[in-house]
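Structure first, then comments.
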Amino acid sequence: MGYRFADLIDACHQEWSAYIEHDFVSQLGRGTLAEDSFRHYLKQDYLFLIQFSRAYALAAYKSHSLEELRNAFEGLKIILDTEMQLHLDYCAQWDIPRHELESLPEARATLAYTRYVLDAGARGDLLDLRVALAPCMVGYADIARWLNEQEATLRGADNPYTAWIEMYLSEEFQQAAASERQWLDVQLESLSSARFERLVTLFRDATRLEIDFWQIGLDLAE
Ligand SMILES: Cc1ncc(CN)c(N)n1
C-alpha cells in the first residue's frame, strides 16, 4: 500500500499539533492576542509572502505539465491577490505605512524558513518543493478549520482577527489546500520508503520553522 499526505502528518504528529494549536493561534481565535504581536507577525508575514511568491514561481519553473504549471500559478495568485491584500488592508487599518513594510529587516525566523524552502526547491524536484510548501498552504487551511471548531473562538466584530480567520476559511483558500493534498496523495503513492523518509524530513523541518514563525509574533523577536 502506498503513502498518502496524511502519513507525512502522522510521521511528525507532535510538531504538526504544536504548529496548528500554537498559543499564537489560540489567542488569535479568542481575540486576546496582543495587537503588537499581530502587528509584528503581519510585518514579517509580508516579507514571508514575498519570498513564498518566489517559491511558487520556482514551482512553475520545476513543473512538467500544464496542470502543475496551473497549480503553481494558483498558489502565486492566492498569495498576491488574496493574502497580500488582507495584509495591506490590516496594515492600512493599523497605520503601518507601506514604506515601512518595504524597508523592514527580515527577522531570523523569516530568513530561516523562507530560504530553507527555496533551497529545498532549488536542490530537489517539484515534489520536494511542494512538500516543503505544504505546511504553509495546507497548514493554514487546517488552522482556520481548527479555530472554527473551537468553542473559545470569538466570531464577528468583537474579534479584531475575524477577517484573518475568515480569509483562511474561505472556499478559495480551503479548495486550494484540498487540491494540494490531492496532488500530494497521488505523488506519494508510489514512493520508496527511503524517498518518503527524505520528504518527512523536509515536511518536519518546514513545520518546525512555522512554529518558530508563530513564536516571533509572541516574542516580538527580530
Ligand atoms: C508564515 C506563514 N505560513 C503560512 C502562510 C499561509 N500562506 C502565511 N501567510 N504565513
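Residue numbers start at 1 in each chain; chains themselves are named A, B, ... in the order of the C-alpha cells; ligands are numbered from 1 in the order shown.
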A:Gly139: which residues within 12 Å, counting only C-alpha atoms, same-chain residues fewer than 2 positions away excluded, as a PyMOL selection string?
chain A and resi 9+15-22+25+131-137+141-146+168-169+173-174+176-178+180-181+203+206-208+210-211
If we count only C-alpha atoms and set the cut-off at 10 Å, which residues sit around A:Tyr116, ignoring sequence neighbours fewer than 2 positions away in its own chain? Please answer as a ChimeraX atom specification.
/A:110-114,118-122,132,202,205-206,209
Please provide as a list in words all residues within 12 Å of A:Phe73, with the sequence filter that same-chain residues fewer than 5 positions apart are discarded (counting only C-alpha atoms).
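My list of contacting residues is Ser53, Arg54, Ala55, Tyr56, Ala57, Leu58, Ala59, Ala60, Tyr61, Ser63, Leu66, Glu67, Glu68, Ile78, Ile79, Leu80, Asp81 and Ala176 of chain A.
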Selection from above, C-alpha atoms, as an mmCIF file, in the first residue's frame, can you write it?
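New file part.cif:
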```cif
data_model
loop_
_atom_site.group_PDB
_atom_site.id
_atom_site.type_symbol
_atom_site.label_atom_id
_atom_site.label_comp_id
_atom_site.auth_asym_id
_atom_site.auth_seq_id
_atom_site.Cartn_x
_atom_site.Cartn_y
_atom_site.Cartn_z
ATOM 1 C CA SER A 53 5.760 34.048 -4.050
ATOM 2 C CA ARG A 54 9.257 33.362 -5.380
ATOM 3 C CA ALA A 55 8.910 29.762 -4.204
ATOM 4 C CA TYR A 56 5.680 29.348 -6.223
ATOM 5 C CA ALA A 57 7.464 30.898 -9.207
ATOM 6 C CA LEU A 58 10.168 28.278 -8.675
ATOM 7 C CA ALA A 59 7.422 25.619 -8.604
ATOM 8 C CA ALA A 60 6.310 26.879 -12.029
ATOM 9 C CA TYR A 61 9.901 26.552 -13.276
ATOM 10 C CA SER A 63 6.785 21.950 -13.434
ATOM 11 C CA LEU A 66 0.163 22.174 -17.756
ATOM 12 C CA GLU A 67 -1.653 21.065 -14.580
ATOM 13 C CA GLU A 68 1.469 21.591 -12.471
ATOM 14 C CA ILE A 78 -3.668 33.414 -3.886
ATOM 15 C CA ILE A 79 -0.645 34.973 -2.199
ATOM 16 C CA LEU A 80 -0.518 38.093 -4.361
ATOM 17 C CA ASP A 81 -4.238 38.779 -4.793
ATOM 18 C CA ALA A 176 -6.592 25.321 -2.966
#
```
Hey, can you check how far atom CA of A:Leu199 sits from atom CA of A:His64?
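Spanning atom CA of A:Leu199 to atom CA of A:His64 is a straight-line distance of 19.8 Å.
Computed from the coordinates, the atom CA of A:Asp7 to atom 10 (N, counted along the ligand's line) of ligand 1 distance equals 23.0 Å.
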Gap from atom CA of A:Trp214 to atom CA of A:Tyr41 - Å, one decimal:
7.5 Å
